[in-house]
Structure formats: structure tokens, C-alpha cells
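Structure record follows, encoded as C-alpha cells.
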Amino acid sequence: MFDVAVIEDPAAAEVSLDPVRARLLAELAEPSSATMLAARVGLARQKVNYHLRALEAHGLVRPVEERRWGGLVERRLIASASSYVVSPAALGEAANDPARASDRLSARYLIALAARVVREVAELVRRSTEQAKQLATLSIDTEVRFRSPAERAAFSHELTTAITTLVARYHDESAPGGRAHRLVVVAHPLPGEAG
């Protein structure tokens, strides 16, 4: 089971966003049968089976065991990942694109950047999995509390200078065998905090 799976197929996204199916995905962190799930979610076993078949058809759940009880077969399934992210790629041409944003300092531009990261990295993960190769990435996630808007502005200026200096030092457009990497640095207030 993956920690996170990215859903790129529009049909799989539609299936996963149904509230009943989303609940079943959450319940399938551990292997369960339709009968076990029906008791937990308060639905008829046949209805649960219907939803499980739809999830399985899109690779969101997979069978892990079959048990025979007389003439019946009980299938136990598990979710293919602990959690899921729907890629903007599932929206096709309607997906957000940072190139279409007019205000590069807006929250909507930040969302467009995040969407592009999900779309691009999901594609890279898919290709690396197909080729049985590791994908080298770097992520930094931290929090900083500013005393004032002036300090936030000073921090932004220093960070921009530091990144620009580093990029200028290491970027080589003509490096034979070099590989371009995207660097995205974002900052936003933490949810639930004022200001």
C-alpha cells in the first residue's frame, strides 16, 4: 500500500469523490470484506459490493484474500493507498495553470503552482515506477512566525536573494547530461491563524 496515490484519470476521480466510496476507501486501510464493511457503514452488503466493484475497476482497491464458506466466496479487499490526491490532470484543459495567472503574488497563483507540482510529480512517479527507478526529490517544510509585516518583507527579500544567488551558482544551461529541476518556494499563513 502506498502512503499517497495521485488520481489522474477523470473517471477514477469521479468514482473516488462519491461520499460513500470515499468512506469505503477510508475504511479499507485494513483488509475487509463487503459484509464487514456493510456493518460498519450501515449499508446493505449488495450496495457495498456495487461500490467496491467500481473502486476496484479503477485500481483504488485491490483484493488481498479469498475465503470459501461452503458455496460462497468472501473476498477481502484493501485500499491501494493510505490517502489519495486528485491531480489537476484529471480536469484536462480546465486544470489550473500558473501561466494563466495575472497576479503572481496572489493566493490563487500559489494554488496554481501547487497544482502544477502535483501534476508534474505524479507523472514523474508514474514513469519511475514503470521503469523501477527511484525518483530523487527534495522537500523542505517548516514554519516561521514573523514579529511584524516589516520582518516578513525583510525575510522575503533575503530568501529571494539567497535563492537567486544559489541558482546562479549552480545553474548551467549547457551542462552535458544535466537535468533541469523545478524549484518552488511558497509561504502562506497557517490555516486558522489570524492575519
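A note on labels: chains of the C-alpha cells are A, B, ... as shown, every chain counts residues from 1, and ligands are counted from 1 in their shown order.
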| task | Could you give me, as a PyMOL selection string, the residues within 8 Å of Ala34 (chain A), counting only C-alpha atoms and dropping anything in the same chain fewer than 6 positions from it? | result | chain A and resi 45-46+48-49+52+75-76
| request: Quick one: pick out all strand (DSSP E) residues within chain A from a backbone DSSP run and write them as a count of residues only. | output: 31
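Near region 59-67 of chain A, within 7 Å and counting only C-alpha atoms, sit Leu55, Glu56, Val73, Glu74, Arg75, Arg76, Leu77, Ile78, Ala79 and Ser80 of chain A; same-chain residues fewer than 3 positions away were not included.
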| Every residue of region 32-147 of chain A that DSSP places in helix (DSSP H, G or I), as a PyMOL selection string | chain A and resi 34-41+45-57+88-94+98-100+107-130
May I have the residues within 12 Å of Val186 (chain A) as a PDB file with C-alpha atoms, in the first residue's frame, using only C-alpha atoms and disregarding those fewer than 5 positions away in the same chain?
ATOM      1  CA  ARG A 104       1.965  36.217  -9.223  1.00  0.00           C
ATOM      2  CA  LEU A 105       1.636  37.381  -5.606  1.00  0.00           C
ATOM      3  CA  SER A 106      -1.916  36.095  -5.186  1.00  0.00           C
ATOM      4  CA  ALA A 107      -3.097  33.055  -3.268  1.00  0.00           C
ATOM      5  CA  TYR A 109      -1.263  31.767  -8.178  1.00  0.00           C
ATOM      6  CA  LEU A 110       0.123  29.760  -5.240  1.00  0.00           C
ATOM      7  CA  ILE A 111      -2.703  27.234  -5.724  1.00  0.00           C
ATOM      8  CA  ALA A 112      -1.859  27.025  -9.435  1.00  0.00           C
ATOM      9  CA  LEU A 113       1.796  26.346  -8.562  1.00  0.00           C
ATOM     10  CA  ALA A 114       0.800  23.621  -6.100  1.00  0.00           C
ATOM     11  CA  VAL A 117       3.675  20.361  -8.654  1.00  0.00           C
ATOM     12  CA  SER A 139      11.193  18.847   0.079  1.00  0.00           C
ATOM     13  CA  ILE A 140      11.546  21.381   2.857  1.00  0.00           C
ATOM     14  CA  ASP A 141       8.609  22.107   5.138  1.00  0.00           C
ATOM     15  CA  THR A 142       8.955  24.437   8.085  1.00  0.00           C
ATOM     16  CA  GLU A 143       7.138  27.197   9.937  1.00  0.00           C
ATOM     17  CA  SER A 156      11.147  37.556   1.720  1.00  0.00           C
ATOM     18  CA  LEU A 159      15.202  34.499   0.893  1.00  0.00           C
ATOM     19  CA  THR A 160      14.843  35.745  -2.689  1.00  0.00           C
TER      20      THR A 160
END
